[in-house]
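Reproduced below: final-v9.cif, with mmCIF, C-alpha atoms.
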data_structure
loop_
_atom_site.label_atom_id
_atom_site.label_comp_id
_atom_site.auth_asym_id
_atom_site.auth_seq_id
_atom_site.Cartn_x
_atom_site.Cartn_y
_atom_site.Cartn_z
CA MET J 4 -25.44 17.26 -22.61
CA SER J 5 -22.31 16.18 -24.35
CA PHE J 6 -20.64 19.54 -23.77
CA ARG J 7 -21.67 19.61 -20.15
CA PHE J 8 -19.74 16.40 -19.58
CA GLY J 9 -16.76 17.57 -21.57
CA VAL J 10 -17.05 14.78 -24.13
CA ARG J 11 -16.77 15.11 -27.87
CA PRO J 12 -20.32 15.09 -29.32
CA GLY J 13 -19.74 12.10 -31.56
CA LEU J 14 -18.41 9.98 -28.71
CA ALA J 15 -21.28 10.87 -26.43
CA LEU J 16 -23.83 10.00 -29.08
CA ALA J 17 -22.18 6.66 -29.75
CA ALA J 18 -22.04 5.98 -26.01
CA ALA J 19 -25.67 6.94 -25.53
CA ALA J 20 -26.73 4.72 -28.40
CA ALA J 21 -24.75 1.74 -27.16
CA CYS J 22 -25.64 2.20 -23.51
CA ILE J 23 -27.82 -0.49 -22.00
CA LEU J 24 -27.73 0.99 -18.50
CA PRO J 25 -28.46 4.65 -19.15
CA GLU J 26 -27.05 5.92 -15.85
CA PHE J 27 -23.49 5.02 -16.88
CA ILE J 28 -21.71 7.99 -18.34
CA ASP J 29 -18.81 8.08 -20.73
CA VAL J 30 -16.62 10.70 -19.13
CA GLY J 31 -14.02 10.48 -21.88
CA THR J 32 -10.93 12.62 -21.67
CA ALA J 33 -11.38 16.28 -20.86
CA ALA J 34 -7.97 17.89 -21.14
CA ALA J 35 -5.66 17.50 -24.08
CA ALA J 36 -2.78 16.96 -21.65
CA GLU J 37 -4.20 13.76 -20.16
CA ILE J 38 -1.96 10.74 -20.65
CA PRO J 39 -3.20 8.41 -23.41
CA LEU J 40 -4.29 5.03 -22.01
CA ALA J 41 -1.53 3.14 -23.79
CA GLU J 42 1.21 5.38 -22.39
CA ARG J 43 0.28 4.99 -18.76
CA ARG J 44 2.97 3.58 -16.48
CA SER J 45 2.82 2.39 -12.92
CA GLY J 46 5.33 4.02 -10.58
CA TYR J 47 6.86 0.53 -10.49
CA ASP J 48 8.33 1.10 -13.96
CA LEU J 49 10.32 4.11 -12.73
CA MET J 50 11.85 2.31 -9.74
CA THR J 51 15.35 0.93 -9.45
CA ARG J 52 15.96 -2.77 -9.97
CA GLU J 53 16.53 -3.24 -6.23
CA THR J 54 13.24 -1.64 -5.20
CA ARG J 55 11.38 -3.66 -7.82
CA ALA J 56 12.94 -6.83 -6.45
CA MET J 57 11.64 -5.91 -2.99
CA GLN J 58 8.09 -5.60 -4.30
CA ASP J 59 8.27 -8.72 -6.45
CA ASP J 60 9.55 -11.02 -3.71
CA ASP J 61 7.00 -11.68 -0.97
CA ALA J 62 9.87 -12.77 1.27
CA ALA J 63 11.54 -9.37 0.95
CA ASN J 64 8.52 -7.05 0.99
CA PRO J 65 8.22 -5.69 4.57
CA ALA J 66 4.49 -5.07 4.03
CA VAL J 67 4.08 -8.76 4.84
CA PHE J 68 3.94 -7.82 8.54
CA TRP J 69 0.86 -5.67 7.92
CA LEU J 70 -0.72 -8.42 5.83
CA LEU J 71 -0.26 -10.91 8.67
CA ASP J 72 -1.75 -8.44 11.16
CA GLY J 73 -4.61 -7.79 8.78
CA GLU J 74 -5.35 -11.50 8.46
CA ALA J 75 -5.43 -11.82 12.25
CA LEU J 76 -7.75 -8.80 12.55
CA TRP J 77 -10.01 -10.21 9.84
CA ASN J 78 -10.64 -13.27 11.99
CA ARG J 79 -10.80 -11.49 15.39
CA LYS J 80 -14.18 -10.72 16.93
CA ALA J 81 -14.68 -7.04 17.67
CA GLY J 82 -17.30 -4.67 19.03
CA ALA J 83 -20.61 -5.10 20.86
CA ALA J 84 -21.93 -7.39 18.13
CA GLY J 85 -19.09 -9.83 18.86
CA ARG J 86 -18.53 -10.53 15.20
CA ALA J 87 -15.38 -10.80 13.14
CA CYS J 88 -15.11 -9.72 9.50
CA SER J 89 -14.89 -13.40 8.61
CA ASP J 90 -18.22 -14.20 10.34
CA CYS J 91 -20.06 -12.34 7.56
CA HIS J 92 -17.56 -12.26 4.71
CA GLY J 93 -15.95 -15.67 5.14
CA ASP J 94 -12.61 -16.24 3.51
CA ALA J 95 -11.25 -12.87 2.37
CA ARG J 96 -9.29 -14.54 -0.42
CA ALA J 97 -12.60 -15.24 -2.15
CA SER J 98 -15.00 -12.61 -0.81
CA MET J 99 -12.66 -9.61 -1.00
CA LYS J 100 -11.34 -10.37 -4.46
CA GLY J 101 -11.73 -7.27 -6.63
CA VAL J 102 -13.14 -5.11 -3.83
CA ALA J 103 -10.16 -2.74 -3.66
CA ALA J 104 -10.20 -2.44 -7.45
CA ARG J 105 -13.61 -0.76 -7.38
CA HIS J 106 -13.08 1.66 -4.48
CA PRO J 107 -13.77 4.52 -3.81
CA ALA J 108 -17.31 3.29 -4.38
CA PHE J 109 -20.65 4.98 -3.84
CA ASP J 110 -22.24 4.34 -0.47
CA THR J 111 -26.00 4.73 -0.42
CA ALA J 112 -26.19 5.65 3.27
CA ALA J 113 -23.35 8.17 3.14
CA ARG J 114 -24.69 9.44 -0.23
CA ARG J 115 -21.17 9.85 -1.52
CA PRO J 116 -18.20 7.70 -2.55
CA VAL J 117 -16.20 6.16 0.28
CA ASN J 118 -12.69 4.78 0.06
CA LEU J 119 -11.66 1.33 1.29
CA GLU J 120 -10.58 2.60 4.72
CA GLN J 121 -13.93 4.33 5.19
CA ARG J 122 -15.78 1.23 3.97
CA ILE J 123 -14.00 -0.89 6.58
CA ASN J 124 -14.89 1.63 9.28
CA LEU J 125 -18.53 1.76 8.11
CA CYS J 126 -18.63 -2.01 8.54
CA ARG J 127 -17.02 -1.72 11.97
CA THR J 128 -19.45 0.88 13.28
CA GLY J 129 -22.54 -0.44 11.50
CA ARG J 130 -22.18 -4.22 11.72
CA GLN J 131 -19.63 -4.92 14.42
CA LYS J 132 -20.81 -2.06 16.67
CA ALA J 133 -17.17 -1.27 17.28
CA PRO J 134 -15.45 2.13 17.38
CA PRO J 135 -13.96 3.16 14.03
CA LEU J 136 -10.24 2.64 13.60
CA ALA J 137 -8.20 5.84 13.37
CA PHE J 138 -6.95 6.80 9.94
CA GLU J 139 -3.34 5.72 9.39
CA SER J 140 -3.43 3.54 12.53
CA ARG J 141 -1.59 0.26 12.27
CA ASP J 142 -4.82 -1.75 12.52
CA LEU J 143 -6.66 0.14 9.78
CA LEU J 144 -3.64 -0.02 7.47
CA ALA J 145 -3.27 -3.73 8.17
CA LEU J 146 -6.92 -4.53 7.46
CA THR J 147 -6.97 -2.35 4.35
CA ALA J 148 -3.77 -3.92 3.05
CA TYR J 149 -5.11 -7.41 3.70
CA VAL J 150 -8.37 -6.67 1.89
CA ALA J 151 -6.63 -4.88 -0.99
CA ARG J 152 -4.07 -7.69 -1.31
CA GLN J 153 -6.90 -9.95 -2.48
CA SER J 154 -7.23 -7.78 -5.60
CA ARG J 155 -3.57 -7.99 -6.59
CA GLY J 156 -3.24 -8.52 -10.32
CA LEU J 157 -6.84 -7.53 -11.06
CA PRO J 158 -7.61 -4.48 -13.22
CA ILE J 159 -8.81 -1.31 -11.51
CA ASN J 160 -12.49 -1.08 -12.28
CA ILE J 161 -14.09 2.28 -11.50
CA ALA J 162 -17.45 2.93 -13.15
CA ILE J 163 -18.65 6.52 -13.27
CA ASP J 164 -22.42 6.69 -13.07
CA SER J 165 -24.94 9.42 -12.38
CA ARG J 166 -24.54 9.02 -8.61
CA ASN J 167 -20.79 9.47 -8.34
CA LYS J 168 -20.37 11.81 -11.32
CA PRO J 169 -20.49 15.05 -9.25
CA PHE J 170 -17.79 13.70 -6.92
CA PHE J 171 -15.72 12.49 -9.85
CA ASP J 172 -15.96 15.96 -11.42
CA ALA J 173 -14.86 17.54 -8.14
CA GLY J 174 -11.87 15.18 -8.03
CA ARG J 175 -10.90 15.93 -11.62
CA GLU J 176 -11.25 19.64 -10.91
CA ALA J 177 -8.99 19.32 -7.84
CA PHE J 178 -6.38 17.48 -9.92
CA HIS J 179 -6.23 20.36 -12.41
CA ARG J 180 -6.59 23.20 -9.90
CA ARG J 181 -3.51 25.26 -9.05
CA GLN J 182 -3.14 25.50 -5.31
CA GLY J 183 -0.72 26.26 -2.50
CA GLN J 184 2.01 28.84 -2.25
CA LEU J 185 3.82 27.23 -5.17
CA ASN J 186 0.62 27.61 -7.23
CA LEU J 187 0.91 24.12 -8.69
CA ALA J 188 -1.71 21.71 -9.95
CA CYS J 189 -1.27 17.92 -9.65
CA ALA J 190 -1.57 17.72 -13.46
CA GLN J 191 1.44 19.97 -14.02
CA CYS J 192 3.78 17.34 -12.63
CA HIS J 193 1.90 14.11 -13.16
CA ASP J 194 0.34 14.70 -16.60
CA ASP J 195 2.78 17.15 -18.18
CA ASN J 196 6.17 16.27 -16.69
CA TRP J 197 6.11 12.63 -15.64
CA GLY J 198 9.36 10.76 -16.21
CA LYS J 199 11.43 13.87 -15.51
CA ARG J 200 13.09 14.52 -12.20
CA LEU J 201 12.14 16.67 -9.26
CA ALA J 202 14.98 17.10 -6.76
CA GLY J 203 16.59 13.89 -7.92
CA SER J 204 13.43 11.78 -7.73
CA ALA J 205 11.54 10.53 -10.75
CA ILE J 206 8.12 12.11 -11.20
CA PRO J 207 5.61 9.27 -11.61
CA GLN J 208 2.26 9.48 -13.37
CA ALA J 209 0.50 9.21 -10.00
CA HIS J 210 -1.53 6.07 -10.57
CA PRO J 211 -2.65 4.71 -7.18
CA THR J 212 -2.17 1.07 -8.12
CA GLY J 213 -0.49 -0.26 -4.99
CA TYR J 214 -1.99 1.33 -1.88
CA PRO J 215 -1.63 0.88 0.98
CA LEU J 216 2.06 0.58 0.11
CA TYR J 217 5.40 0.31 1.85
CA ARG J 218 7.32 3.49 1.20
CA LEU J 219 11.02 3.40 1.96
CA GLU J 220 10.94 7.09 2.85
CA TRP J 221 8.25 6.38 5.45
CA GLN J 222 9.94 3.22 6.69
CA GLY J 223 6.45 1.80 6.88
CA LEU J 224 3.08 1.25 5.29
CA GLY J 225 0.91 4.23 4.36
CA SER J 226 -2.34 5.03 2.61
CA LEU J 227 -3.04 6.93 -0.58
CA GLU J 228 -4.38 9.79 1.53
CA ARG J 229 -1.07 10.04 3.35
CA ARG J 230 0.66 10.29 -0.03
CA LEU J 231 -1.79 12.91 -1.29
CA ARG J 232 -1.31 14.95 1.87
CA ASN J 233 2.48 14.70 1.40
CA CYS J 234 2.19 16.06 -2.12
CA LEU J 235 -0.16 18.87 -1.05
CA THR J 236 2.21 19.86 1.76
CA GLY J 237 5.04 19.89 -0.79
CA MET J 238 3.00 22.30 -2.90
CA ARG J 239 2.62 24.34 0.30
CA ALA J 240 -1.11 23.93 0.18
CA GLN J 241 -3.31 23.25 3.19
CA ALA J 242 -3.76 19.46 3.14
CA PRO J 243 -7.31 18.31 4.02
CA ASP J 244 -7.75 15.97 6.99
CA PHE J 245 -7.76 12.21 6.50
CA GLY J 246 -11.14 11.08 5.24
CA ASP J 247 -12.03 14.56 3.98
CA ALA J 248 -14.42 14.61 1.02
CA GLU J 249 -11.92 16.52 -1.09
CA LEU J 250 -9.33 13.75 -0.73
CA VAL J 251 -11.83 10.97 -1.44
CA ASP J 252 -13.07 12.77 -4.58
CA LEU J 253 -9.48 13.07 -5.75
CA GLU J 254 -8.93 9.36 -5.01
CA LEU J 255 -12.00 8.54 -7.10
CA PHE J 256 -10.63 10.53 -10.03
CA LEU J 257 -7.15 9.03 -9.68
CA MET J 258 -8.50 5.48 -9.58
CA TRP J 259 -10.60 6.15 -12.67
CA ARG J 260 -7.51 7.66 -14.33
CA ALA J 261 -5.71 4.37 -13.58
CA ARG J 262 -8.64 2.24 -14.77
CA GLU J 263 -7.70 -1.19 -16.10
CA MET J 264 -4.20 -0.95 -14.66
CA LYS J 265 -3.32 -3.87 -12.39
CA VAL J 266 -3.60 -3.62 -8.60
CA GLU J 267 -0.15 -4.15 -7.01
CA THR J 268 -1.03 -3.97 -3.30
CA PRO J 269 1.07 -4.04 -1.22
CA ALA J 270 3.50 -2.19 -3.48
CA VAL J 271 6.94 -0.88 -2.50
CA ARG J 272 7.94 2.65 -3.47
CA PRO J 273 11.14 4.63 -2.82
CA MET O 27 4.93 -6.74 18.06
CA ALA O 28 8.13 -8.67 18.08
CA ARG O 29 8.31 -11.06 15.23
CA ALA O 30 10.30 -12.14 12.24
CA ILE O 31 9.87 -14.14 9.05
CA VAL O 32 12.32 -16.63 7.62
CA ASN O 33 12.24 -17.82 4.05
CA MET O 34 14.40 -20.77 2.98
CA PRO O 35 14.01 -24.08 1.17
CA ALA O 36 12.61 -26.94 3.26
CA GLN O 37 14.85 -29.45 1.52
CA ALA O 38 18.10 -29.40 -0.41
CA LYS O 39 20.73 -31.68 -1.88
CA ARG O 40 23.89 -32.27 0.16
CA GLY O 41 26.47 -29.63 -0.71
CA GLU O 42 23.93 -27.34 -2.35
CA VAL O 43 24.16 -23.60 -1.67
CA ILE O 44 20.85 -22.39 -0.23
CA GLU O 45 19.68 -18.82 0.18
CA ILE O 46 18.11 -17.76 3.47
CA LYS O 47 16.05 -14.55 3.66
CA THR O 48 14.97 -13.07 6.96
CA LEU O 49 12.79 -10.09 7.75
CA ALA O 50 12.40 -8.73 11.27
CA ALA O 51 9.60 -6.32 12.21
CA HIS O 52 11.43 -3.49 13.95
CA PRO O 53 11.31 0.35 13.76
CA MET O 54 15.15 0.71 13.95
CA GLU O 55 14.89 4.10 15.62
CA THR O 56 18.33 5.67 15.19
CA GLY O 57 18.55 7.70 18.38
CA PHE O 58 19.50 10.80 16.40
CA ARG O 59 16.01 11.99 15.58
CA ARG O 60 14.06 14.53 17.58
CA THR O 61 10.35 15.08 18.10
CA GLN O 62 8.67 18.27 16.94
CA LEU O 63 9.22 19.61 20.46
CA GLY O 64 12.97 18.97 20.23
CA THR O 65 13.31 16.05 22.62
CA LEU O 66 15.56 13.25 21.49
CA ILE O 67 13.83 10.00 20.52
CA PRO O 68 15.80 7.28 22.33
CA ARG O 69 17.63 4.74 20.26
CA ASP O 70 15.79 1.48 19.66
CA ILE O 71 17.56 -0.82 17.23
CA ILE O 72 18.39 -4.47 16.70
CA ARG O 73 22.04 -4.91 17.73
CA ARG O 74 22.81 -8.45 16.69
CA PHE O 75 21.56 -11.20 14.43
CA VAL O 76 22.90 -14.73 14.79
CA CYS O 77 22.14 -17.82 12.75
CA THR O 78 23.07 -21.32 13.93
CA TYR O 79 22.92 -24.56 11.94
CA ASN O 80 22.41 -27.52 14.27
CA GLY O 81 23.94 -25.46 17.07
CA ALA O 82 26.99 -24.21 15.18
CA GLU O 83 27.12 -20.52 14.36
CA ILE O 84 27.22 -19.97 10.60
CA PHE O 85 26.35 -16.30 10.23
CA ARG O 86 26.33 -13.21 12.41
CA VAL O 87 25.57 -9.52 11.86
CA ASP O 88 26.16 -6.52 14.10
CA LEU O 89 23.62 -3.82 13.32
CA HIS O 90 24.01 -0.10 13.91
CA PRO O 91 21.94 3.08 13.66
CA ALA O 92 21.05 4.14 10.10
CA MET O 93 19.90 0.66 9.16
CA ALA O 94 16.42 0.68 7.64
CA ALA O 95 13.34 -0.34 9.57
CA ASN O 96 12.23 -3.95 9.20
CA PRO O 97 15.72 -5.05 8.14
CA LEU O 98 15.98 -7.72 5.46
CA ILE O 99 19.00 -9.94 6.03
CA ALA O 100 19.69 -12.41 3.24
CA PHE O 101 22.66 -14.76 3.09
CA ALA O 102 23.68 -18.14 1.75
CA THR O 103 25.00 -21.30 3.33
CA VAL O 104 25.86 -24.83 2.24
CA ALA O 105 23.31 -27.51 3.07
CA THR O 106 25.48 -30.04 4.94
CA GLU O 107 23.05 -32.10 6.98
CA SER O 108 19.38 -32.35 7.94
CA GLY O 109 18.40 -30.50 11.05
CA THR O 110 17.40 -27.17 12.46
CA ILE O 111 18.54 -23.71 11.50
CA ALA O 112 17.90 -21.23 14.32
CA PHE O 113 17.79 -17.45 14.08
CA GLN O 114 18.03 -14.89 16.84
CA TRP O 115 17.63 -11.14 16.76
CA VAL O 116 18.70 -9.21 19.88
CA GLY O 117 18.27 -5.49 20.38
CA ASP O 118 17.66 -2.50 22.64
CA ASN O 119 14.93 -2.47 25.29
CA GLY O 120 15.06 -6.23 25.80
CA TYR O 121 14.11 -7.03 22.21
CA THR O 122 14.68 -10.72 21.50
CA VAL O 123 13.10 -12.76 18.74
CA THR O 124 13.92 -16.34 17.87
CA GLU O 125 12.80 -18.34 14.88
CA THR O 126 13.66 -21.84 13.74
CA ALA O 127 13.32 -23.62 10.45
CA SER O 128 14.02 -27.24 9.64
CA ILE O 129 15.77 -28.48 6.57
CA ARG O 130 15.95 -31.96 5.08
CA VAL O 131 19.20 -32.70 3.27
CA GLU O 132 19.41 -35.70 0.92
#
Structure encoded using structure tokens:
Amino acid sequence: MSFRFGVRPGLALAAAAACILPEFIDVGTAAAAEIPLAERRSGYDLMTRETRAMQDDDAANPAVFWLLDGEALWNRKAGAAGRACSDCHGDARASMKGVAARHPAFDTAARRPVNLEQRINLCRTGRQKAPPLAFESRDLLALTAYVARQSRGLPINIAIDSRNKPFFDAGREAFHRRQGQLNLACAQCHDDNWGKRLAGSAIPQAHPTGYPLYRLEWQGLGSLERRLRNCLTGMRAQAPDFGDAELVDLELFLMWRAREMKVETPAVRP
Amino acid sequence: MARAIVNMPAQAKRGEVIEIKTLAAHPMETGFRRTQLGTLIPRDIIRRFVCTYNGAEIFRVDLHPAMAANPLIAFATVATESGTIAFQWVGDNGYTVTETASIRVE
């Protein structure tokens, strides 16, 4: 069992002995190249002073426009059910606290992990009886940013259990798989060469701590999936569609990889 | 969605230098970019920003292509008297946004 999960036998035994809820699995660290927990850095640490100042100052962070839109959407009735998010969930500042920090999370109906955007759309179609919002649309980004904003400062908290383990493994496998015409794996840049430069830009460790975030290159807000698709296109690989299982599995692995790091949403990146 | 946000102190001492930060939601489309089909995307930018303090102009900016989207304009002024500080952004395609903020000077 311990070898199947890629964990050192001693660790797995200790975890099994200490485990109160047996379905939780200690996934440990598989590859020797993975960044030790203490050496992890948010992309924030690699930014210039000016870009950091933009993120730190709510009056200078342009993502504020999406947050305001998101707050309005939160309170606006939608769909055949005629209900707003706030009719069930109340004040997002209390009810949505920590929610972004534990997504992608397993959805029983979908029988797989869903990311925050998908969770919002599940609520829209299921509870509000409204059409789902398009991925990367202004409204979905605004709502996601507003919900994720309520987790700012909280540690990312992804628990790997027996239900989401297969998807987590698929995400970890995707992170280490060479792909595209350049035959690159995510890990080659983000585990092995972080802190160095690629075409003049610093290579970050790829911790998704601040999504959706305002990227200066985009001149707007964008999701983690948009960023992942950017990277895949840069590797000259075929990027999966928004919402594709492969992307969500990778998001699950990346969020676990950034576990206990603080949520920065809405972050600013160059 | 035409709108803007102003951030400045609500009160200040007479003679104090106060910082005013403004953000306007605007795509600032340069007019030099093309679509994937090669057609030119028409220019759509903010052309002018004016700030008045109790009716008197204290700060003005002319904006041009190649300015970032959602431009942040921050500047300082001296708090001389209580009253209203008004802000106006004017741009292409009839874009006009006005904001006001009041300040109490002691």
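Evaluated on this file, the PyMOL selection byres ((chain J) within 10 of (chain O)) matches Met57, Asp61, Ala62, Ala63, Asn64, Pro65, Ala66, Val67, Phe68, Trp69, Asp72, Leu219, Glu220, Trp221, Gln222 and Gly223 of chain J.
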Next on the checklist: Evaluate the PyMOL selection byres ((chain J and resi 70) around 10) against this structure - the residues, as number ranges by chain, please.
Outcome noted: J: 65-69, 71-76, 144-152, 269
Checklist entry - Expanded to explicit residues, what is the PyMOL selection byres ((chain J and resi 96) around 9) for this file, as a VMD selection string? => result chain J and resid 93 to 95 97 to 100 150 152 to 154
Next on the checklist: Residues within 10 Å of (20.5, -4.6, 14.4), file coordinates, counting only C-alpha atoms: what are they? Give the list as a ChimeraX atom specification.
Outcome noted: /O:50,52,54,70-75,87-97,115-118
Just want the 10 Å neighbourhood of segment 125-131 of chain O, counted on all atoms listed in the file, with same-chain residues fewer than 3 positions away dropped. Output as a PDB file with C-alpha atoms, in the coordinates of the input.
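Writing done, so here's result_11.pdb:
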ATOM      1  CA  ARG O  29       8.310 -11.060  15.230  1.00  0.00           C
ATOM      2  CA  ALA O  30      10.300 -12.140  12.240  1.00  0.00           C
ATOM      3  CA  ILE O  31       9.870 -14.140   9.050  1.00  0.00           C
ATOM      4  CA  VAL O  32      12.320 -16.630   7.620  1.00  0.00           C
ATOM      5  CA  ASN O  33      12.240 -17.820   4.050  1.00  0.00           C
ATOM      6  CA  MET O  34      14.400 -20.770   2.980  1.00  0.00           C
ATOM      7  CA  PRO O  35      14.010 -24.080   1.170  1.00  0.00           C
ATOM      8  CA  ALA O  36      12.610 -26.940   3.260  1.00  0.00           C
ATOM      9  CA  GLN O  37      14.850 -29.450   1.520  1.00  0.00           C
ATOM     10  CA  ALA O  38      18.100 -29.400  -0.410  1.00  0.00           C
ATOM     11  CA  LYS O  39      20.730 -31.680  -1.880  1.00  0.00           C
ATOM     12  CA  ARG O  40      23.890 -32.270   0.160  1.00  0.00           C
ATOM     13  CA  GLY O  41      26.470 -29.630  -0.710  1.00  0.00           C
ATOM     14  CA  GLU O  42      23.930 -27.340  -2.350  1.00  0.00           C
ATOM     15  CA  THR O  48      14.970 -13.070   6.960  1.00  0.00           C
ATOM     16  CA  CYS O  77      22.140 -17.820  12.750  1.00  0.00           C
ATOM     17  CA  THR O  78      23.070 -21.320  13.930  1.00  0.00           C
ATOM     18  CA  TYR O  79      22.920 -24.560  11.940  1.00  0.00           C
ATOM     19  CA  ASN O  80      22.410 -27.520  14.270  1.00  0.00           C
ATOM     20  CA  ALA O 105      23.310 -27.510   3.070  1.00  0.00           C
ATOM     21  CA  THR O 106      25.480 -30.040   4.940  1.00  0.00           C
ATOM     22  CA  GLU O 107      23.050 -32.100   6.980  1.00  0.00           C
ATOM     23  CA  SER O 108      19.380 -32.350   7.940  1.00  0.00           C
ATOM     24  CA  GLY O 109      18.400 -30.500  11.050  1.00  0.00           C
ATOM     25  CA  THR O 110      17.400 -27.170  12.460  1.00  0.00           C
ATOM     26  CA  ILE O 111      18.540 -23.710  11.500  1.00  0.00           C
ATOM     27  CA  ALA O 112      17.900 -21.230  14.320  1.00  0.00           C
ATOM     28  CA  PHE O 113      17.790 -17.450  14.080  1.00  0.00           C
ATOM     29  CA  GLN O 114      18.030 -14.890  16.840  1.00  0.00           C
ATOM     30  CA  TRP O 115      17.630 -11.140  16.760  1.00  0.00           C
TER      31      TRP O 115
END
